[in-house]
Amino acid sequence: MNTPLRLGIAGLGTVGIGVVKIVQTHGEMLARRAGRAIEIVAVSASSRTKKRSADISAYAWEDDPVALGRRDDVDLVLELIGGENGTAKALAETAIANGKDVVTANKALLAHHGHALALAAEAQGRALRFEAAVAGGIPVIKALTEGLAGNRIERVMGVMNGTCNYILTRMEATGQGYNALFEECARLGFLEADPNLDVGGIDAGHKLSLLAAIAFGTQVKFSAVELQGITDISLDDIRLARDMGFSIKLLGVAQMTGRGLEQRMTPCLVPEAHPLGQLDGGTNMVVIEGDSVGQIVLRGAGAGEGPTASAVMGDVIDIARGFRLPTFGAPADTLIEAPAAVVSSAAPWYLRMVLLDKPGALAKIATALGDAGISIDRMRQYSHDGAHAPVLIVTHKAASDDIRHALDRFAATGVLVEEPVAMRIEEV
Ligand code: HSE
């Protein structure tokens, strides 16, 4: 019989306790699948005595999580603490330096330090795996590194923050504004300790940067992600976009172009008929396009005890089997430093504005678009009070720079009542 794989778990919050429960309830099944027993040896968390939904009394306790990385009786450290620096980073570094494998759910840590940690782990012949860090229970890291390894990846897209998707879809369903839904999320406990990680697009941006590194063989570079959150999305835009056949999503897009690596996590319009447009509530979706496979769509729970622990256990079982893939799918020392694309690829755009209702106002806007080299695909003027005219324009494909120029020209026309809204329409 093979020797057991001995786990040290740092962090007994939602994810950590989910892992404890899976190990406790499915021990025999896990051993059969892994070819060896998987045992929890030691744990660490902020409070030893806190009431928990799983019994941890059989495990050794460490007050200092980093000590798990030095224990001789631990083979694999699960870093389930969170945070991009501090204890989580110290634990991962210590565990790797002491020849242990590491599994983490920590997207912030990897988005900032993933390349250095992967180099360190691979130099030690150890695994650093992070399935749970991206899109919760969806096995998207495995899909990219294994199932789709024979493809040149063309584009990766995704809705990867359930809280934002919950807010946007509930705004539409209930007719409430952003602030009311934000408060609802706070009451329901959906928000990260720093809510800006969610609504500012940072959490989802971390995840996108990790997928981009795998998809394009590049060193993870979160600082190159163009980030915009959902705080300025209005009910008007959600309704008018729908009227034109689109849904607004906080959408991540990564693609390698002739101008460099494009990484965007911004509010975008997607066709309402596409699975992305249909995605409701706190669910996540990742869309991958490969040169051979075409487009595939993965959908599932992006957070929560069971789904996230499921993803952690997938990595644990791989390591128990002796399966140690490089962290980002190719050896870390072969990953390239991709230049960031300064200008994103051309796309149709949604433009909403309120104009003074006077002769020639619309003509000035059309002329400004023409002068910026942008062609109009569809246009609608909505009923109004006589003084102001709400206008919605969908353009043909245009470069983001040209859209910026057009917005500058709009401002100079003197017919705008308020700041116009411009959102990219992602062609899927
Ligand atoms: N706060 C995240 C979300 C889950 O709402 O999807 C953890 O990344």
# chains A, B, ... in the order shown; residues from 1 in each chain; ligands from 1
call {"tool": "closest_atom_pairs", "arguments": {"of": "chain A", "to": "ligand 1", "cutoff": "6 Å", "atoms": "only C-alpha atoms and all ligand atoms", "output": "CSV"}}
result
residue,atom,partner,partner_atom_place_in_ligand_line,distance
A:Met160,CA,ligand 1,6 (O),6.0
A:Asn161,CA,ligand 1,6 (O),3.4
A:Gly162,CA,ligand 1,6 (O),3.7
A:Thr163,CA,ligand 1,5 (O),3.8
A:Leu191,CA,ligand 1,1 (N),6.0
A:Glu192,CA,ligand 1,1 (N),5.4
A:Asp198,CA,ligand 1,1 (N),5.6
A:Asp203,CA,ligand 1,8 (O),5.9
A:Gly302,CA,ligand 1,6 (O),5.4
A:Ala303,CA,ligand 1,4 (C),4.9
call {"tool": "write_last_selection", "arguments": {"atoms": "C-alpha atoms", "output": "PDB file, in the first residue's frame"}}
result
ATOM      1  CA  MET A 160     -15.805  35.349 -12.927  1.00  0.00           C
ATOM      2  CA  ASN A 161     -17.243  37.381 -10.093  1.00  0.00           C
ATOM      3  CA  GLY A 162     -20.564  36.028  -8.927  1.00  0.00           C
ATOM      4  CA  THR A 163     -21.307  39.048  -6.762  1.00  0.00           C
ATOM      5  CA  LEU A 191     -19.103  40.747  -0.500  1.00  0.00           C
ATOM      6  CA  GLU A 192     -15.390  40.294   0.089  1.00  0.00           C
ATOM      7  CA  ASP A 198     -15.699  42.503  -6.084  1.00  0.00           C
ATOM      8  CA  ASP A 203     -11.048  39.866  -7.884  1.00  0.00           C
ATOM      9  CA  GLY A 302     -17.939  30.417  -8.633  1.00  0.00           C
ATOM     10  CA  ALA A 303     -17.879  30.423  -4.859  1.00  0.00           C
TER      11      ALA A 303
END
call {"tool": "residues_around", "arguments": {"residues": "region 116-120 of chain A", "least_positions_apart": "5", "cutoff": "12 Å", "atoms": "only C-alpha atoms", "output": "PyMOL selection string"}}
result
chain A and resi 88-104+109-111+125-130+213+219-221+324-335
call {"tool": "select_by_dssp", "arguments": {"residues": "region 270-357 of chain A", "states": "strand (DSSP E)", "output": "list in words"}}
result
Val270, Pro271, Thr283, Asn284, Met285, Val286, Val287, Ile288, Glu289, Gly290, Gly294, Gln295, Ile296, Val297, Leu298, Arg299, Gly300, Ala301, Trp349, Tyr350, Leu351, Arg352, Met353, Val354, Leu355 and Leu356 of chain A
call {"tool": "residues_around", "arguments": {"residues": "Ile40 (chain A)", "least_positions_apart": "5", "cutoff": "8 Å", "atoms": "only C-alpha atoms", "output": "list in words"}}
result
Arg6, Leu7, Gly8, Ile9, Val20, Val23 and Tyr59 of chain A
